[in-house]
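Listing of target.tsv, TSV, C-alpha atoms
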```tsv
chain	number	residue	atom	x	y	z
A	1	MET	CA	-0.93	-1.83	-30.58
A	2	ALA	CA	0.54	-4.52	-28.34
A	3	ASP	CA	4.05	-3.20	-29.03
A	4	VAL	CA	3.06	0.30	-27.91
A	5	ALA	CA	1.44	-1.09	-24.74
A	6	PHE	CA	4.53	-3.22	-24.07
A	7	LEU	CA	6.87	-0.24	-24.45
A	8	ALA	CA	4.66	1.93	-22.25
A	9	LEU	CA	4.54	-0.74	-19.54
A	10	THR	CA	8.29	-1.20	-19.81
A	11	VAL	CA	8.92	2.51	-19.31
A	12	ILE	CA	6.48	2.65	-16.38
A	13	THR	CA	7.87	-0.47	-14.71
A	14	ILE	CA	11.56	0.34	-15.09
A	15	GLY	CA	11.01	4.04	-14.35
A	16	SER	CA	9.13	3.36	-11.15
A	17	ALA	CA	11.69	0.71	-10.13
A	18	ILE	CA	14.49	3.25	-10.51
A	19	ALA	CA	12.38	5.82	-8.66
A	20	ALA	CA	11.79	3.30	-5.84
A	21	LEU	CA	15.55	2.90	-5.47
A	22	GLU	CA	16.47	6.56	-5.75
A	23	MET	CA	13.75	8.30	-3.69
A	24	ARG	CA	14.98	9.96	-0.54
A	25	SER	CA	11.65	9.45	1.20
A	26	LEU	CA	10.76	5.87	2.04
A	27	ILE	CA	7.06	6.67	1.63
A	28	TYR	CA	7.50	7.79	-1.97
A	29	GLY	CA	9.83	4.86	-2.58
A	30	SER	CA	7.11	2.48	-1.40
A	31	ILE	CA	4.58	4.13	-3.68
A	32	ALA	CA	7.01	3.79	-6.59
A	33	LEU	CA	7.39	0.10	-5.68
A	34	MET	CA	3.63	-0.21	-6.03
A	35	GLY	CA	3.94	1.25	-9.52
A	36	THR	CA	6.59	-1.31	-10.39
A	37	LEU	CA	4.46	-4.20	-9.20
A	38	GLY	CA	1.45	-2.76	-11.05
A	39	GLY	CA	3.51	-2.61	-14.24
A	40	ILE	CA	4.39	-6.28	-13.84
A	41	ALA	CA	0.68	-7.01	-13.54
A	42	GLY	CA	0.25	-5.17	-16.84
A	43	PHE	CA	2.79	-7.51	-18.43
A	44	PHE	CA	0.72	-10.46	-17.29
A	45	LEU	CA	-2.33	-8.88	-18.93
A	46	LEU	CA	-0.37	-8.56	-22.17
A	47	LEU	CA	0.54	-12.24	-21.89
A	48	ASP	CA	-3.19	-13.03	-21.74
A	49	ALA	CA	-3.02	-14.20	-18.12
A	50	PRO	CA	-5.65	-12.07	-16.37
A	51	PHE	CA	-5.87	-14.35	-13.33
A	52	VAL	CA	-2.15	-14.00	-12.62
A	53	ALA	CA	-2.39	-10.23	-13.22
A	54	LEU	CA	-5.23	-9.84	-10.74
A	55	PHE	CA	-3.41	-12.10	-8.27
A	56	GLN	CA	-0.33	-9.86	-8.69
A	57	LEU	CA	-2.43	-6.78	-7.99
A	58	ALA	CA	-4.22	-8.30	-5.03
A	59	VAL	CA	-1.26	-9.94	-3.32
A	60	TYR	CA	1.70	-7.72	-4.11
A	61	VAL	CA	0.24	-4.29	-4.72
A	62	GLY	CA	-2.73	-4.71	-2.44
A	63	SER	CA	-1.15	-6.53	0.46
A	64	ILE	CA	2.63	-6.61	0.51
A	65	ALA	CA	3.27	-3.07	-0.73
A	66	VAL	CA	0.60	-1.63	1.57
A	67	LEU	CA	2.12	-3.59	4.47
A	68	ILE	CA	5.54	-2.14	3.60
A	69	LEU	CA	4.00	1.33	3.38
A	70	PHE	CA	2.32	1.03	6.79
A	71	THR	CA	5.48	-0.40	8.32
A	72	VAL	CA	7.54	2.50	7.00
A	73	MET	CA	4.99	4.97	8.32
A	74	LEU	CA	4.86	3.33	11.76
A	75	VAL	CA	8.57	2.78	12.35
A	76	LYS	CA	10.25	5.20	14.68
A	77	ARG	CA	12.27	7.92	13.01
A	78	GLU	CA	15.50	6.83	14.71
A	79	LEU	CA	15.35	3.35	13.21
A	80	ILE	CA	15.27	4.55	9.60
A	81	PHE	CA	18.78	4.42	8.25
A	82	LYS	CA	20.53	7.46	6.83
A	83	LYS	CA	21.28	7.33	3.13
A	84	ILE	CA	24.91	8.02	2.29
A	85	GLU	CA	25.41	9.62	-1.10
A	86	ASP	CA	28.32	8.12	-3.00
A	87	LYS	CA	28.74	8.75	-6.73
A	88	ARG	CA	30.98	5.73	-7.23
A	89	ARG	CA	28.40	3.40	-5.75
A	90	LYS	CA	25.67	4.84	-7.94
A	91	PHE	CA	27.70	4.46	-11.14
A	92	ALA	CA	28.83	0.97	-10.13
A	93	GLY	CA	25.20	-0.01	-9.54
A	94	ILE	CA	24.11	1.38	-12.90
A	95	GLY	CA	26.98	-0.41	-14.64
A	96	LEU	CA	26.18	-3.70	-12.91
A	97	MET	CA	22.53	-3.31	-13.87
A	98	LEU	CA	23.45	-2.75	-17.53
A	99	VAL	CA	25.77	-5.78	-17.59
A	100	LEU	CA	23.05	-7.92	-16.00
A	101	MET	CA	20.42	-6.69	-18.48
A	102	VAL	CA	22.67	-7.42	-21.47
A	103	ALA	CA	23.49	-10.90	-20.12
A	104	LEU	CA	19.83	-11.71	-19.47
A	105	GLY	CA	18.90	-10.36	-22.91
A	106	ALA	CA	21.51	-12.58	-24.55
A	107	VAL	CA	20.18	-15.61	-22.68
A	108	PHE	CA	16.63	-14.73	-23.69
A	109	VAL	CA	17.51	-14.23	-27.36
A	110	ASP	CA	19.41	-17.53	-27.51
A	111	SER	CA	16.74	-19.49	-25.64
A	112	GLY	CA	14.55	-20.14	-28.70
A	113	ILE	CA	11.41	-19.08	-26.88
A	114	LYS	CA	9.75	-17.88	-30.10
A	115	THR	CA	9.82	-21.38	-31.55
A	116	MET	CA	8.14	-23.00	-28.53
A	117	THR	CA	4.64	-24.34	-29.05
A	118	THR	CA	2.27	-26.14	-26.75
A	119	ASP	CA	-0.76	-28.32	-27.21
A	120	GLU	CA	-2.01	-27.80	-23.66
A	121	PRO	CA	-5.53	-26.44	-23.29
A	122	SER	CA	-6.03	-23.07	-21.65
A	123	VAL	CA	-6.63	-22.92	-17.92
A	124	ASN	CA	-10.18	-22.60	-16.68
A	125	PHE	CA	-10.41	-19.92	-14.00
A	126	ARG	CA	-13.43	-21.53	-12.39
A	127	ASP	CA	-11.40	-24.66	-11.74
A	128	ILE	CA	-8.64	-22.61	-10.11
A	129	GLY	CA	-11.19	-20.82	-7.92
A	130	ALA	CA	-12.80	-24.13	-6.97
A	131	ASP	CA	-9.38	-25.54	-6.05
A	132	PHE	CA	-8.67	-22.51	-3.84
A	133	VAL	CA	-11.93	-22.90	-1.97
A	134	THR	CA	-11.87	-26.70	-1.83
A	135	TYR	CA	-8.25	-27.74	-1.30
A	136	TYR	CA	-6.23	-24.68	-0.35
A	137	TRP	CA	-8.54	-22.92	2.13
A	138	PRO	CA	-6.40	-23.73	5.19
A	139	ALA	CA	-3.35	-22.12	3.58
A	140	LEU	CA	-5.38	-19.03	2.62
A	141	ILE	CA	-6.70	-18.66	6.17
A	142	LEU	CA	-3.20	-19.15	7.58
A	143	MET	CA	-1.78	-16.47	5.27
A	144	GLY	CA	-4.55	-14.08	6.31
A	145	LEU	CA	-3.80	-14.71	9.99
A	146	ILE	CA	-0.07	-14.20	9.43
A	147	LEU	CA	-0.69	-10.88	7.67
A	148	ALA	CA	-3.08	-9.77	10.42
A	149	GLY	CA	-0.52	-10.76	13.05
A	150	SER	CA	2.25	-8.87	11.29
A	151	VAL	CA	0.14	-5.69	11.09
A	152	THR	CA	-0.76	-6.06	14.78
A	153	GLY	CA	2.91	-6.59	15.64
A	154	ALA	CA	3.87	-3.49	13.64
A	155	LEU	CA	1.31	-1.46	15.57
A	156	VAL	CA	2.60	-2.75	18.92
A	157	LEU	CA	6.21	-2.03	17.95
A	158	ALA	CA	5.28	1.46	16.77
A	159	ARG	CA	3.90	2.49	20.16
A	160	ARG	CA	6.20	4.89	21.93
A	161	VAL	CA	6.49	5.69	25.60
A	162	ASP	CA	7.05	9.29	26.59
A	163	GLU	CA	9.74	8.90	29.26
A	164	GLU	CA	9.23	12.33	30.86
A	165	ASN	CA	5.52	12.04	31.54
A	166	ASP	CA	5.33	8.22	31.43
A	167	GLN	CA	2.47	8.40	28.94
A	168	ARG	CA	1.86	6.26	25.92
A	169	ILE	CA	1.71	8.01	22.56
A	170	ASN	CA	-0.34	6.22	19.93
```

I need this file expressed as structure tokens, please.
Amino acid sequence: MADVAFLALTVITIGSAIAALEMRSLIYGSIALMGTLGGIAGFFLLLDAPFVALFQLAVYVGSIAVLILFTVMLVKRELIFKKIEDKRRKFAGIGLMLVLMVALGAVFVDSGIKTMTTDEPSVNFRDIGADFVTYYWPALILMGLILAGSVTGALVLARRVDEENDQRIN
């Protein structure tokens, strides 16, 4: 059953990653990026790391990808670059990706990861939560303020001025 789930997550993750790269619309590309990051969270669930999976969903899918999506939606149309279709570039990119995947696969197979064992106890999630609230709360508040500031900055940059009537368009 785990093999079937792994293969399904692999197809979803790689398929949505390719879709994120190949979509003509940046909105749909951002949504496909969310699918890729969600698939990675599924891999963490298969590795029996639910805390990391939920952190992946909350931080990357919930915050970063949504921030990218809002930024893409708020940016002026003139600032979005035009995509130039070039068949040679596409085939070169696919070839480079295949070479990289084979090289990484060879490194992974030769790494001996299946023979690794550990005597470390499993991590207690309550201890991690207590550490976040006790020791790392200033960093969490700072990250929240930075994200709020970046969204506010994106909204300010997205405001346009109608030059003919000298009116602001929100």

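The shortest atom-to-atom distance to Lys90 in chain A, with only C-alpha atoms taken into account, belongs to A:Ile18 out of A:Thr10, A:Thr71, A:Pro50, A:Ile18.
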
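Among the candidate residues A:Phe55, A:Arg88, A:Thr115, A:Gly149, the one lying nearest to Ile128 in chain A is A:Phe55, with distances computed using all atoms listed in the file.
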
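Residues in contact with Gly93 in chain A at up to 12 Å, not including ones fewer than 5 positions away on its chain and judged by only C-alpha atoms, are Ile18, Leu21, Glu22, Asp86, Lys87, Arg88, Leu98, Val99 and Leu100 of chain A.
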
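CA of Gly15 in chain A is found 9.0 Å from CA of Gly35 in chain A.
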
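Across A:Ser25, A:Ser30, A:Thr117, A:Gln56, the tightest approach to Gly42 in chain A is made by A:Gln56 when counting only C-alpha atoms.
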
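Residues with any atom within 10 Å of Leu57 in chain A, counting all atoms listed in the file and excluding same-chain neighbours fewer than 6 positions away, are Met34, Leu37, Gly38, Gly39, Ile40, Ala41, Gly42, Phe51, Ser63, Ile64 and Ala65 of chain A.
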
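Considering the residues A:Val59, A:Ala2, A:Met23, A:Val11 and counting all atoms listed in the file, Leu140 in chain A has its shortest atom-to-atom contact with A:Val59.
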
Worksheet entry | Atom pair CA of Met101 in chain A / CA of Lys114 in chain A: separation (Å) | 19.3 Å

Coordinates of box centre and edge lengths for range 86-92 of chain A, 5 Å on every side, axis-aligned, as AutoDock Vina command-line options:
```
--center_x 28.3 --center_y 4.9 --center_z -7.1 --size_x 15.3 --size_y 17.8 --size_z 18.1
```

Worksheet item: How many Å lie between CA of Ile113 in chain A and CA of Leu47 in chain A, rounded to one decimal?
Response: 13.8 Å

Taking (11.4, -2.5, -4.7) in the file's coordinates as the center, which residues reach within 7 Å of it, counting only C-alpha atoms, put as a JSON list (two decimals) with C-alpha atoms, in the frame of the given file?
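This is the output file point_11.json:
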```json
[["chain", "number", "residue", "atom", "x", "y", "z"],
["A", 17, "ALA", "CA", 11.69, 0.71, -10.13],
["A", 20, "ALA", "CA", 11.79, 3.30, -5.84],
["A", 21, "LEU", "CA", 15.55, 2.90, -5.47],
["A", 33, "LEU", "CA", 7.39, 0.10, -5.68]]
```

Assuming the input is short of atoms at range 44-76 of chain A, produce N, CA and C atoms for that part as a PDB file, in the frame of the given file.
```pdb
ATOM      1  N   PHE A  44       1.515  -9.237 -17.314  1.00  0.00           N
ATOM      2  CA  PHE A  44       0.720 -10.460 -17.290  1.00  0.00           C
ATOM      3  C   PHE A  44      -0.563 -10.301 -18.102  1.00  0.00           C
ATOM      4  N   LEU A  45      -1.149  -9.117 -18.088  1.00  0.00           N
ATOM      5  CA  LEU A  45      -2.330  -8.880 -18.930  1.00  0.00           C
ATOM      6  C   LEU A  45      -1.969  -8.983 -20.411  1.00  0.00           C
ATOM      7  N   LEU A  46      -0.806  -8.455 -20.767  1.00  0.00           N
ATOM      8  CA  LEU A  46      -0.370  -8.560 -22.170  1.00  0.00           C
ATOM      9  C   LEU A  46      -0.102 -10.006 -22.563  1.00  0.00           C
ATOM     10  N   LEU A  47       0.296 -10.826 -21.619  1.00  0.00           N
ATOM     11  CA  LEU A  47       0.540 -12.240 -21.890  1.00  0.00           C
ATOM     12  C   LEU A  47      -0.744 -13.068 -21.863  1.00  0.00           C
ATOM     13  N   ASP A  48      -1.878 -12.391 -21.757  1.00  0.00           N
ATOM     14  CA  ASP A  48      -3.190 -13.030 -21.740  1.00  0.00           C
ATOM     15  C   ASP A  48      -3.323 -13.969 -20.537  1.00  0.00           C
ATOM     16  N   ALA A  49      -2.885 -13.457 -19.383  1.00  0.00           N
ATOM     17  CA  ALA A  49      -3.020 -14.200 -18.120  1.00  0.00           C
ATOM     18  C   ALA A  49      -3.686 -13.279 -17.101  1.00  0.00           C
ATOM     19  N   PRO A  50      -4.992 -13.029 -17.258  1.00  0.00           N
ATOM     20  CA  PRO A  50      -5.650 -12.070 -16.370  1.00  0.00           C
ATOM     21  C   PRO A  50      -5.730 -12.544 -14.916  1.00  0.00           C
ATOM     22  N   PHE A  51      -5.813 -13.851 -14.703  1.00  0.00           N
ATOM     23  CA  PHE A  51      -5.870 -14.350 -13.330  1.00  0.00           C
ATOM     24  C   PHE A  51      -4.567 -14.040 -12.595  1.00  0.00           C
ATOM     25  N   VAL A  52      -3.448 -14.275 -13.241  1.00  0.00           N
ATOM     26  CA  VAL A  52      -2.150 -14.000 -12.620  1.00  0.00           C
ATOM     27  C   VAL A  52      -1.991 -12.493 -12.407  1.00  0.00           C
ATOM     28  N   ALA A  53      -2.483 -11.688 -13.360  1.00  0.00           N
ATOM     29  CA  ALA A  53      -2.390 -10.230 -13.220  1.00  0.00           C
ATOM     30  C   ALA A  53      -3.204  -9.747 -12.026  1.00  0.00           C
ATOM     31  N   LEU A  54      -4.404 -10.255 -11.877  1.00  0.00           N
ATOM     32  CA  LEU A  54      -5.230  -9.840 -10.740  1.00  0.00           C
ATOM     33  C   LEU A  54      -4.655 -10.376  -9.428  1.00  0.00           C
ATOM     34  N   PHE A  55      -4.073 -11.554  -9.459  1.00  0.00           N
ATOM     35  CA  PHE A  55      -3.410 -12.100  -8.270  1.00  0.00           C
ATOM     36  C   PHE A  55      -2.206 -11.220  -7.907  1.00  0.00           C
ATOM     37  N   GLN A  56      -1.466 -10.771  -8.914  1.00  0.00           N
ATOM     38  CA  GLN A  56      -0.330  -9.860  -8.690  1.00  0.00           C
ATOM     39  C   GLN A  56      -0.816  -8.568  -8.043  1.00  0.00           C
ATOM     40  N   LEU A  57      -1.902  -8.018  -8.559  1.00  0.00           N
ATOM     41  CA  LEU A  57      -2.430  -6.780  -7.990  1.00  0.00           C
ATOM     42  C   LEU A  57      -2.930  -6.987  -6.571  1.00  0.00           C
ATOM     43  N   ALA A  58      -3.632  -8.076  -6.351  1.00  0.00           N
ATOM     44  CA  ALA A  58      -4.220  -8.300  -5.030  1.00  0.00           C
ATOM     45  C   ALA A  58      -3.164  -8.616  -3.983  1.00  0.00           C
ATOM     46  N   VAL A  59      -2.226  -9.496  -4.326  1.00  0.00           N
ATOM     47  CA  VAL A  59      -1.260  -9.940  -3.320  1.00  0.00           C
ATOM     48  C   VAL A  59      -0.132  -8.926  -3.157  1.00  0.00           C
ATOM     49  N   TYR A  60       0.525  -8.561  -4.241  1.00  0.00           N
ATOM     50  CA  TYR A  60       1.700  -7.720  -4.110  1.00  0.00           C
ATOM     51  C   TYR A  60       1.372  -6.257  -3.951  1.00  0.00           C
ATOM     52  N   VAL A  61       0.562  -5.708  -4.837  1.00  0.00           N
ATOM     53  CA  VAL A  61       0.240  -4.290  -4.720  1.00  0.00           C
ATOM     54  C   VAL A  61      -0.717  -4.068  -3.559  1.00  0.00           C
ATOM     55  N   GLY A  62      -1.718  -4.915  -3.451  1.00  0.00           N
ATOM     56  CA  GLY A  62      -2.730  -4.710  -2.440  1.00  0.00           C
ATOM     57  C   GLY A  62      -2.308  -5.072  -1.037  1.00  0.00           C
ATOM     58  N   SER A  63      -1.483  -6.060  -0.891  1.00  0.00           N
ATOM     59  CA  SER A  63      -1.150  -6.530   0.460  1.00  0.00           C
ATOM     60  C   SER A  63       0.282  -6.210   0.858  1.00  0.00           C
ATOM     61  N   ILE A  64       1.222  -6.732   0.114  1.00  0.00           N
ATOM     62  CA  ILE A  64       2.630  -6.610   0.510  1.00  0.00           C
ATOM     63  C   ILE A  64       3.089  -5.157   0.474  1.00  0.00           C
ATOM     64  N   ALA A  65       2.805  -4.449  -0.623  1.00  0.00           N
ATOM     65  CA  ALA A  65       3.270  -3.070  -0.730  1.00  0.00           C
ATOM     66  C   ALA A  65       2.574  -2.177   0.299  1.00  0.00           C
ATOM     67  N   VAL A  66       1.300  -2.413   0.550  1.00  0.00           N
ATOM     68  CA  VAL A  66       0.600  -1.630   1.570  1.00  0.00           C
ATOM     69  C   VAL A  66       1.166  -1.948   2.954  1.00  0.00           C
ATOM     70  N   LEU A  67       1.497  -3.213   3.203  1.00  0.00           N
ATOM     71  CA  LEU A  67       2.120  -3.590   4.470  1.00  0.00           C
ATOM     72  C   LEU A  67       3.468  -2.899   4.633  1.00  0.00           C
ATOM     73  N   ILE A  68       4.263  -2.853   3.555  1.00  0.00           N
ATOM     74  CA  ILE A  68       5.540  -2.140   3.600  1.00  0.00           C
ATOM     75  C   ILE A  68       5.305  -0.660   3.868  1.00  0.00           C
ATOM     76  N   LEU A  69       4.300  -0.081   3.211  1.00  0.00           N
ATOM     77  CA  LEU A  69       4.000   1.330   3.380  1.00  0.00           C
ATOM     78  C   LEU A  69       3.600   1.632   4.826  1.00  0.00           C
ATOM     79  N   PHE A  70       2.716   0.817   5.407  1.00  0.00           N
ATOM     80  CA  PHE A  70       2.320   1.030   6.790  1.00  0.00           C
ATOM     81  C   PHE A  70       3.488   0.820   7.742  1.00  0.00           C
ATOM     82  N   THR A  71       4.322  -0.162   7.468  1.00  0.00           N
ATOM     83  CA  THR A  71       5.480  -0.400   8.320  1.00  0.00           C
ATOM     84  C   THR A  71       6.425   0.786   8.298  1.00  0.00           C
ATOM     85  N   VAL A  72       6.656   1.337   7.115  1.00  0.00           N
ATOM     86  CA  VAL A  72       7.540   2.500   7.000  1.00  0.00           C
ATOM     87  C   VAL A  72       6.941   3.683   7.740  1.00  0.00           C
ATOM     88  N   MET A  73       5.626   3.834   7.652  1.00  0.00           N
ATOM     89  CA  MET A  73       4.990   4.970   8.320  1.00  0.00           C
ATOM     90  C   MET A  73       4.975   4.803   9.836  1.00  0.00           C
ATOM     91  N   LEU A  74       4.967   3.555  10.321  1.00  0.00           N
ATOM     92  CA  LEU A  74       4.860   3.330  11.760  1.00  0.00           C
ATOM     93  C   LEU A  74       6.201   3.195  12.470  1.00  0.00           C
ATOM     94  N   VAL A  75       7.259   2.970  11.728  1.00  0.00           N
ATOM     95  CA  VAL A  75       8.570   2.780  12.350  1.00  0.00           C
ATOM     96  C   VAL A  75       9.050   4.106  12.930  1.00  0.00           C
ATOM     97  N   LYS A  76       9.724   3.989  14.051  1.00  0.00           N
ATOM     98  CA  LYS A  76      10.250   5.200  14.680  1.00  0.00           C
ATOM     99  C   LYS A  76      11.283   5.860  13.777  1.00  0.00           C
TER     100      LYS A  76
END
```
